[in-house]
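Accompanying notes for the structure given below.
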Amino acid sequence: MYRKISIPVIILLLLAAGCSEISSTLRNCPDGAIEWVDILKFNDVEYHGYVDGSEQVDPAGRGSELGEVTFKMADNACSDHNLKNGDAAYLPEGTKIHEYTGFSPDFRVLAGNKVYQVQHNDGARTFADLFDIHGKLEQLSIDSSYDGRTLSSFPEEEAVLFIEDFLTLDYEGFDEIYPVIETESGPGVFIGFHLADGTSFQLTYWVEENVINPGGFGTKRMQEIVLSLTEGLDLETE
């Protein structure tokens, strides 16, 4: 299932701006109406709640309790709020945070019966530290950044090579890649990661700049693979 808007790009831009997705009005905030993305911070990891296929979570997937939400930002925080451990955009205070069985809690947790996936982790050094997907991936796809639909699927050999390089990338963070993509960046695509548990997520890859969110610079081999799979496509409209 794919969303029809560029969710990963929107998440990044909104996080950078301190904004989000559903508006609420605070009388004491100078900026009035505030919009938050569906975020959660716990144990120094920032998570977002946009994971396709995770809308119906099997209770059997709930692991050990890790902690709980201590502050709900919607209706209670202004846009200059400094995100702290225990903060969540929309989850009520007291919502329990659990391990998601089969995945590292640095990658995914369960909160409010919903999967939250890492968006930023200062403790990560490589993409393997961010994304606990080794041996859990069923398919990779090239998806349109225009409407999210699948444009091409990775052949098995190319998928193996792409993931091999992807997991070894240094995690630089969004602040490091933003100057590269903010001016005159070429068209990007979504890389669709389809996992064995039935969930999937998309990361934006700016092919010409060889930059991938949430903050890394691709290898030459990664770029060549994606270029070969998108040859002949008009990425401005596809």
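For the structure tokens, the naming scheme is as follows: chains receive sequential letters (A, B, ...) according to their order of presentation, residues are indexed from 1 within each chain, and ligands are indexed from 1 in presentation order.
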
Do you know which residues are at most 12 Å from Ile163 in chain A counting only C-alpha atoms, after dropping those on the same chain fewer than 5 positions away, and could you put them as a list in words? Phe127, Ala128, Phe131, Asp132, Ile133, His134, Gly135, Lys136, Leu137, Glu138, Gln139, Leu140, Ser141, Phe154, Glu156, Glu157, Glu158, Thr168, Leu169, Ile191, Gly192, Phe193, Gly218, Thr219, Arg221, Met222 and Ile225 of chain A

Could you save the residues just selected, with C-alpha atoms, as an mmCIF file, in the first residue's frame?
data_model
loop_
_atom_site.group_PDB
_atom_site.id
_atom_site.type_symbol
_atom_site.label_atom_id
_atom_site.label_comp_id
_atom_site.auth_asym_id
_atom_site.auth_seq_id
_atom_site.Cartn_x
_atom_site.Cartn_y
_atom_site.Cartn_z
ATOM 1 C CA PHE A 127 22.630 2.988 8.328
ATOM 2 C CA ALA A 128 22.840 -0.520 9.802
ATOM 3 C CA PHE A 131 17.629 0.169 10.046
ATOM 4 C CA ASP A 132 17.339 -3.326 11.508
ATOM 5 C CA ILE A 133 16.446 -4.931 8.180
ATOM 6 C CA HIS A 134 19.297 -7.351 7.484
ATOM 7 C CA GLY A 135 17.748 -10.706 6.582
ATOM 8 C CA LYS A 136 14.241 -9.241 6.933
ATOM 9 C CA LEU A 137 13.825 -7.716 3.492
ATOM 10 C CA GLU A 138 11.620 -9.373 0.875
ATOM 11 C CA GLN A 139 11.777 -6.845 -1.938
ATOM 12 C CA LEU A 140 13.163 -3.478 -2.970
ATOM 13 C CA SER A 141 11.343 -1.208 -5.387
ATOM 14 C CA PHE A 154 14.990 -4.497 -8.080
ATOM 15 C CA GLU A 156 17.412 -10.045 -6.784
ATOM 16 C CA GLU A 157 21.114 -9.572 -7.529
ATOM 17 C CA GLU A 158 20.831 -5.766 -7.680
ATOM 18 C CA THR A 168 27.394 0.333 5.380
ATOM 19 C CA LEU A 169 26.696 4.026 4.654
ATOM 20 C CA ILE A 191 13.243 3.424 -2.520
ATOM 21 C CA GLY A 192 10.572 1.055 -1.241
ATOM 22 C CA PHE A 193 11.671 -1.385 1.451
ATOM 23 C CA GLY A 218 25.240 6.752 -1.473
ATOM 24 C CA THR A 219 27.969 4.705 -3.091
ATOM 25 C CA ARG A 221 27.348 1.289 -7.122
ATOM 26 C CA MET A 222 24.032 2.279 -5.522
ATOM 27 C CA ILE A 225 21.918 0.470 -9.968
#

Residues of range 96-214 of chain A classed as alpha helix (DSSP H) by DSSP on the backbone are to be reported as a list in words.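 Answer for range 96-214 of chain A, restricted to alpha helix (DSSP H): Phe127, Ala128, Asp129, Leu130, Glu156, Glu157, Glu158, Ala159, Val160, Leu161, Phe162, Ile163, Glu164, Asp165, Phe166, Phe174, Asp175, Glu176, Ile177, Tyr178, Pro179, Val180 and Ile181 of chain A.
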
Take the residues from that selection and write them out as a tab-separated table (two decimals), in the first residue's frame, keeping N, CA, C and O atoms.
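Once everything was written out, this is result-v8.tsv:
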chain	number	residue	atom	x	y	z
A	127	PHE	N	24.04	3.28	8.59
A	127	PHE	CA	22.63	2.99	8.33
A	127	PHE	C	22.22	1.65	8.94
A	127	PHE	O	21.04	1.44	9.23
A	128	ALA	N	23.16	0.74	9.14
A	128	ALA	CA	22.84	-0.52	9.80
A	128	ALA	C	22.43	-0.28	11.24
A	128	ALA	O	21.62	-1.03	11.80
A	129	ASP	N	22.97	0.77	11.87
A	129	ASP	CA	22.57	1.12	13.23
A	129	ASP	C	21.15	1.67	13.27
A	129	ASP	O	20.46	1.56	14.28
A	130	LEU	N	20.71	2.28	12.16
A	130	LEU	CA	19.36	2.84	12.08
A	130	LEU	C	18.34	1.79	11.70
A	130	LEU	O	17.28	1.68	12.32
A	156	GLU	N	16.86	-9.53	-8.04
A	156	GLU	CA	17.41	-10.05	-6.78
A	156	GLU	C	18.88	-9.68	-6.61
A	156	GLU	O	19.30	-9.25	-5.53
A	157	GLU	N	19.68	-9.84	-7.66
A	157	GLU	CA	21.11	-9.57	-7.53
A	157	GLU	C	21.36	-8.10	-7.22
A	157	GLU	O	22.17	-7.76	-6.34
A	158	GLU	N	20.65	-7.19	-7.92
A	158	GLU	CA	20.83	-5.77	-7.68
A	158	GLU	C	20.34	-5.37	-6.28
A	158	GLU	O	20.92	-4.50	-5.63
A	159	ALA	N	19.28	-6.02	-5.83
A	159	ALA	CA	18.77	-5.73	-4.50
A	159	ALA	C	19.80	-6.09	-3.43
A	159	ALA	O	20.03	-5.34	-2.47
A	160	VAL	N	20.43	-7.25	-3.58
A	160	VAL	CA	21.45	-7.69	-2.63
A	160	VAL	C	22.61	-6.69	-2.60
A	160	VAL	O	23.10	-6.30	-1.52
A	161	LEU	N	23.07	-6.26	-3.78
A	161	LEU	CA	24.20	-5.33	-3.84
A	161	LEU	C	23.83	-3.96	-3.27
A	161	LEU	O	24.63	-3.34	-2.56
A	162	PHE	N	22.62	-3.50	-3.58
A	162	PHE	CA	22.18	-2.20	-3.08
A	162	PHE	C	22.11	-2.20	-1.55
A	162	PHE	O	22.64	-1.29	-0.90
A	163	ILE	N	21.49	-3.21	-0.97
A	163	ILE	CA	21.35	-3.28	0.49
A	163	ILE	C	22.70	-3.47	1.15
A	163	ILE	O	22.96	-2.91	2.23
A	164	GLU	N	23.57	-4.21	0.52
A	164	GLU	CA	24.92	-4.42	1.07
A	164	GLU	C	25.61	-3.07	1.26
A	164	GLU	O	26.22	-2.81	2.30
A	165	ASP	N	25.52	-2.20	0.25
A	165	ASP	CA	26.13	-0.87	0.35
A	165	ASP	C	25.33	0.04	1.29
A	165	ASP	O	25.90	0.79	2.09
A	166	PHE	N	24.01	-0.03	1.18
A	166	PHE	CA	23.13	0.84	1.97
A	166	PHE	C	23.41	0.72	3.47
A	166	PHE	O	23.53	1.73	4.18
A	174	PHE	N	20.24	14.55	8.69
A	174	PHE	CA	19.56	15.39	7.69
A	174	PHE	C	20.23	16.74	7.51
A	174	PHE	O	20.28	17.28	6.40
A	175	ASP	N	20.78	17.31	8.58
A	175	ASP	CA	21.42	18.62	8.48
A	175	ASP	C	22.60	18.60	7.52
A	175	ASP	O	22.94	19.63	6.92
A	176	GLU	N	23.24	17.46	7.39
A	176	GLU	CA	24.41	17.34	6.50
A	176	GLU	C	24.01	17.22	5.04
A	176	GLU	O	24.72	17.71	4.16
A	177	ILE	N	22.88	16.57	4.76
A	177	ILE	CA	22.50	16.41	3.37
A	177	ILE	C	21.62	17.55	2.86
A	177	ILE	O	21.53	17.77	1.65
A	178	TYR	N	21.00	18.29	3.77
A	178	TYR	CA	20.06	19.33	3.34
A	178	TYR	C	20.71	20.38	2.44
A	178	TYR	O	20.11	20.76	1.42
A	179	PRO	N	21.93	20.88	2.73
A	179	PRO	CA	22.54	21.86	1.82
A	179	PRO	C	22.73	21.33	0.40
A	179	PRO	O	22.73	22.11	-0.55
A	180	VAL	N	22.85	20.03	0.26
A	180	VAL	CA	23.06	19.43	-1.06
A	180	VAL	C	21.77	19.42	-1.86
A	180	VAL	O	21.77	19.61	-3.09
A	181	ILE	N	20.64	19.22	-1.19
A	181	ILE	CA	19.38	19.04	-1.90
A	181	ILE	C	18.49	20.28	-1.92
A	181	ILE	O	17.50	20.33	-2.65

Check which residues of range 121-158 of chain A sit at most 10 Å from range 39-52 of chain A using only C-alpha atoms, and return one row each with the closest pair of atoms and their distance in Å to one decimal, ordered by chain and rising number, as a tab-separated table.
residue	atom	partner	partner_atom	distance
A:Asn121	CA	A:Val45	CA	4.8
A:Asp122	CA	A:Val45	CA	7.4
A:Gly123	CA	A:Asp44	CA	8.1
A:Ala124	CA	A:Val45	CA	9.5
A:Leu130	CA	A:Val45	CA	9.7

Output all heavy atoms of each residue in that selection to a file, as an mmCIF file, in the first residue's frame.
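Resulting contents of selection_9.cif:
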data_model
loop_
_atom_site.group_PDB
_atom_site.id
_atom_site.type_symbol
_atom_site.label_atom_id
_atom_site.label_comp_id
_atom_site.auth_asym_id
_atom_site.auth_seq_id
_atom_site.Cartn_x
_atom_site.Cartn_y
_atom_site.Cartn_z
ATOM 1 N N ASN A 121 18.668 9.259 15.102
ATOM 2 C CA ASN A 121 19.321 8.693 16.278
ATOM 3 C C ASN A 121 20.755 9.199 16.319
ATOM 4 O O ASN A 121 21.577 8.820 15.483
ATOM 5 C CB ASN A 121 19.290 7.158 16.218
ATOM 6 C CG ASN A 121 19.901 6.511 17.444
ATOM 7 O OD1 ASN A 121 20.428 7.195 18.327
ATOM 8 N ND2 ASN A 121 19.845 5.191 17.508
ATOM 9 N N ASP A 122 21.042 10.057 17.277
ATOM 10 C CA ASP A 122 22.389 10.614 17.398
ATOM 11 C C ASP A 122 23.438 9.537 17.669
ATOM 12 O O ASP A 122 24.616 9.722 17.379
ATOM 13 C CB ASP A 122 22.437 11.646 18.536
ATOM 14 C CG ASP A 122 21.924 13.015 18.109
ATOM 15 O OD1 ASP A 122 21.989 13.328 16.912
ATOM 16 O OD2 ASP A 122 21.451 13.769 18.986
ATOM 17 N N GLY A 123 22.996 8.417 18.220
ATOM 18 C CA GLY A 123 23.939 7.351 18.540
ATOM 19 C C GLY A 123 24.288 6.461 17.365
ATOM 20 O O GLY A 123 25.195 5.640 17.458
ATOM 21 N N ALA A 124 23.584 6.621 16.244
ATOM 22 C CA ALA A 124 23.844 5.778 15.072
ATOM 23 C C ALA A 124 25.081 6.260 14.329
ATOM 24 O O ALA A 124 25.284 7.463 14.149
ATOM 25 C CB ALA A 124 22.644 5.785 14.138
ATOM 26 N N LEU A 130 20.712 2.281 12.161
ATOM 27 C CA LEU A 130 19.365 2.839 12.082
ATOM 28 C C LEU A 130 18.336 1.789 11.699
ATOM 29 O O LEU A 130 17.276 1.684 12.322
ATOM 30 C CB LEU A 130 19.315 3.966 11.041
ATOM 31 C CG LEU A 130 19.924 5.322 11.354
ATOM 32 C CD1 LEU A 130 19.817 6.213 10.136
ATOM 33 C CD2 LEU A 130 19.222 5.973 12.541
#

Have a look at CA of Gly198 in chain A and CA of Tyr116 in chain A and let me know their distance in Å, one decimal.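 It comes out at 14.9 Å.
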
Write out as a PyMOL selection string the residues lying within 6 Å of Glu172 in chain A, counting only C-alpha atoms and excluding same-chain residues fewer than 2 positions away. chain A and resi 170+176+215-216

Residues of the last selection are to be written out with all heavy atoms, as a compact mmCIF listing (two decimals), in the first residue's frame.
# COMPACT_ATOMS: atom_id res chain seq x y z
N ASP A 170 27.70 5.71 6.06
CA ASP A 170 27.82 6.53 7.26
C ASP A 170 26.52 7.32 7.45
O ASP A 170 25.99 7.89 6.49
CB ASP A 170 28.98 7.51 7.16
CG ASP A 170 30.33 6.82 7.19
OD1 ASP A 170 30.42 5.70 7.76
OD2 ASP A 170 31.30 7.39 6.65
N GLU A 176 23.24 17.46 7.39
CA GLU A 176 24.41 17.34 6.50
C GLU A 176 24.01 17.22 5.04
O GLU A 176 24.72 17.71 4.16
CB GLU A 176 25.27 16.15 6.91
CG GLU A 176 25.92 16.29 8.27
CD GLU A 176 26.87 17.49 8.33
OE1 GLU A 176 27.63 17.69 7.37
OE2 GLU A 176 26.82 18.22 9.34
N GLY A 215 19.71 10.78 5.90
CA GLY A 215 20.96 11.52 6.01
C GLY A 215 22.19 10.72 5.68
O GLY A 215 22.97 10.35 6.56
N GLY A 216 22.40 10.44 4.39
CA GLY A 216 23.58 9.71 3.99
C GLY A 216 23.90 9.93 2.52
O GLY A 216 23.06 10.36 1.75

DSSP on the backbone: what in range 181-216 of chain A comes out strand (DSSP E or B), as a list in words?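 These are the residues in question: Gly188, Val189, Phe190, Ile191, Gly192, Phe193, His194, Leu195, Ser200, Phe201, Gln202, Leu203, Thr204, Tyr205, Trp206, Val211, Ile212 and Gly216 of chain A.
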
For those residues, write all heavy atoms to a file as a CSV table (one decimal), in the first residue's frame.
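Just written: part_10.csv:
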chain,number,residue,atom,x,y,z
A,188,GLY,N,14.1,13.2,-7.5
A,188,GLY,CA,14.3,12.0,-6.6
A,188,GLY,C,13.3,10.9,-6.9
A,188,GLY,O,12.3,11.1,-7.6
A,189,VAL,N,13.6,9.8,-6.3
A,189,VAL,CA,12.7,8.6,-6.3
A,189,VAL,C,12.6,8.2,-4.9
A,189,VAL,O,13.3,8.5,-4.0
A,189,VAL,CB,13.2,7.5,-7.2
A,189,VAL,CG1,13.2,7.9,-8.6
A,189,VAL,CG2,14.5,6.9,-6.7
A,190,PHE,N,11.5,7.3,-4.6
A,190,PHE,CA,11.4,6.6,-3.4
A,190,PHE,C,12.1,5.2,-3.6
A,190,PHE,O,11.8,4.6,-4.6
A,190,PHE,CB,10.0,6.4,-2.9
A,190,PHE,CG,9.3,7.7,-2.5
A,190,PHE,CD1,7.9,7.7,-2.5
A,190,PHE,CD2,10.0,8.8,-2.1
A,190,PHE,CE1,7.2,8.9,-2.1
A,190,PHE,CE2,9.3,10.0,-1.7
A,190,PHE,CZ,8.0,10.0,-1.7
A,191,ILE,N,12.8,4.8,-2.6
A,191,ILE,CA,13.2,3.4,-2.5
A,191,ILE,C,12.3,2.7,-1.6
A,191,ILE,O,12.2,3.1,-0.4
A,191,ILE,CB,14.7,3.3,-2.0
A,191,ILE,CG1,15.7,4.1,-2.9
A,191,ILE,CG2,15.1,1.8,-2.0
A,191,ILE,CD1,15.7,3.7,-4.3
A,192,GLY,N,11.5,1.8,-2.1
A,192,GLY,CA,10.6,1.1,-1.2
A,192,GLY,C,11.2,-0.2,-0.6
A,192,GLY,O,11.8,-1.0,-1.3
A,193,PHE,N,11.1,-0.3,0.7
A,193,PHE,CA,11.7,-1.4,1.5
A,193,PHE,C,10.5,-2.2,1.9
A,193,PHE,O,9.7,-1.8,2.8
A,193,PHE,CB,12.5,-0.9,2.6
A,193,PHE,CG,13.7,-0.1,2.3
A,193,PHE,CD1,13.6,1.2,1.8
A,193,PHE,CD2,15.0,-0.7,2.3
A,193,PHE,CE1,14.8,1.9,1.5
A,193,PHE,CE2,16.1,0.0,2.0
A,193,PHE,CZ,16.0,1.3,1.6
A,194,HIS,N,10.4,-3.4,1.4
A,194,HIS,CA,9.2,-4.3,1.7
A,194,HIS,C,9.7,-5.5,2.6
A,194,HIS,O,10.5,-6.3,2.2
A,194,HIS,CB,8.6,-4.8,0.5
A,194,HIS,CG,8.2,-3.7,-0.5
A,194,HIS,ND1,7.0,-3.2,-0.6
A,194,HIS,CD2,9.0,-3.1,-1.4
A,194,HIS,CE1,7.0,-2.2,-1.5
A,194,HIS,NE2,8.2,-2.2,-2.0
A,195,LEU,N,9.3,-5.5,3.9
A,195,LEU,CA,9.8,-6.4,4.8
A,195,LEU,C,8.9,-7.7,5.0
A,195,LEU,O,7.8,-7.7,4.6
A,195,LEU,CB,9.9,-5.7,6.2
A,195,LEU,CG,10.7,-4.4,6.2
A,195,LEU,CD1,11.0,-4.0,7.7
A,195,LEU,CD2,12.1,-4.6,5.5
A,200,SER,N,6.1,-2.0,5.1
A,200,SER,CA,7.0,-1.4,4.2
A,200,SER,C,7.2,0.1,4.5
A,200,SER,O,6.4,0.7,5.2
A,200,SER,CB,6.5,-1.5,2.7
A,200,SER,OG,5.3,-0.8,2.6
A,201,PHE,N,8.3,0.7,4.0
A,201,PHE,CA,8.5,2.1,4.2
A,201,PHE,C,9.3,2.6,3.0
A,201,PHE,O,9.9,1.8,2.2
A,201,PHE,CB,9.3,2.4,5.5
A,201,PHE,CG,10.7,1.8,5.6
A,201,PHE,CD1,11.8,2.5,5.3
A,201,PHE,CD2,10.8,0.5,6.1
A,201,PHE,CE1,13.1,1.9,5.4
A,201,PHE,CE2,12.1,-0.1,6.2
A,201,PHE,CZ,13.2,0.6,5.8
A,202,GLN,N,9.3,3.9,2.8
A,202,GLN,CA,10.0,4.5,1.6
A,202,GLN,C,11.0,5.5,2.1
A,202,GLN,O,10.7,6.3,3.0
A,202,GLN,CB,9.0,5.2,0.7
A,202,GLN,CG,8.0,4.2,0.1
A,202,GLN,CD,6.9,5.0,-0.6
A,202,GLN,OE1,6.4,6.0,-0.1
A,202,GLN,NE2,6.4,4.4,-1.7
A,203,LEU,N,12.2,5.6,1.5
A,203,LEU,CA,13.2,6.6,1.7
A,203,LEU,C,13.4,7.3,0.4
A,203,LEU,O,13.5,6.7,-0.6
A,203,LEU,CB,14.5,6.0,2.2
A,203,LEU,CG,14.4,5.2,3.5
A,203,LEU,CD1,15.8,4.7,3.9
A,203,LEU,CD2,13.9,6.1,4.7
A,204,THR,N,13.5,8.6,0.5
A,204,THR,CA,13.8,9.4,-0.7
A,204,THR,C,15.3,9.4,-1.1
A,204,THR,O,16.2,9.5,-0.2
A,204,THR,CB,13.4,10.9,-0.5
A,204,THR,OG1,12.1,11.0,0.1
A,204,THR,CG2,13.5,11.7,-1.7
A,205,TYR,N,15.5,9.1,-2.4
A,205,TYR,CA,16.9,9.0,-2.9
A,205,TYR,C,17.0,10.0,-4.1
A,205,TYR,O,16.3,9.9,-5.1
A,205,TYR,CB,17.1,7.6,-3.4
A,205,TYR,CG,18.5,7.3,-3.9
A,205,TYR,CD1,19.6,7.9,-3.3
A,205,TYR,CD2,18.7,6.5,-5.1
A,205,TYR,CE1,20.9,7.6,-3.8
A,205,TYR,CE2,19.9,6.3,-5.6
A,205,TYR,CZ,21.1,6.8,-4.9
A,205,TYR,OH,22.3,6.5,-5.4
A,206,TRP,N,17.8,11.0,-3.9
A,206,TRP,CA,18.1,12.0,-4.9
A,206,TRP,C,19.2,11.4,-5.8
A,206,TRP,O,20.4,11.4,-5.3
A,206,TRP,CB,18.5,13.3,-4.3
A,206,TRP,CG,17.3,14.0,-3.6
A,206,TRP,CD1,16.4,14.9,-4.2
A,206,TRP,CD2,16.9,13.9,-2.3
A,206,TRP,NE1,15.5,15.3,-3.3
A,206,TRP,CE2,15.8,14.7,-2.1
A,206,TRP,CE3,17.4,13.2,-1.2
A,206,TRP,CZ2,15.1,14.8,-0.8
A,206,TRP,CZ3,16.8,13.2,0.0
A,206,TRP,CH2,15.6,14.1,0.2
A,211,VAL,N,22.3,11.1,-2.8
A,211,VAL,CA,21.9,11.4,-1.4
A,211,VAL,C,20.7,10.7,-1.0
A,211,VAL,O,19.7,10.7,-1.8
A,211,VAL,CB,21.8,12.9,-1.2
A,211,VAL,CG1,21.2,13.3,0.2
A,211,VAL,CG2,23.1,13.6,-1.4
A,212,ILE,N,20.6,10.1,0.1
A,212,ILE,CA,19.5,9.4,0.6
A,212,ILE,C,19.1,9.8,2.0
A,212,ILE,O,20.0,10.1,2.8
A,212,ILE,CB,19.7,7.9,0.5
A,212,ILE,CG1,18.4,7.1,0.7
A,212,ILE,CG2,20.8,7.4,1.5
A,212,ILE,CD1,18.5,5.6,0.3
A,216,GLY,N,22.4,10.4,4.4
A,216,GLY,CA,23.6,9.7,4.0
A,216,GLY,C,23.9,9.9,2.5
A,216,GLY,O,23.1,10.4,1.7

Two-atom distance - CA of Leu110 in chain A, CA of Lys96 in chain A (Å):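 Taking CA of Leu110 in chain A and CA of Lys96 in chain A, their separation equals 8.3 Å.
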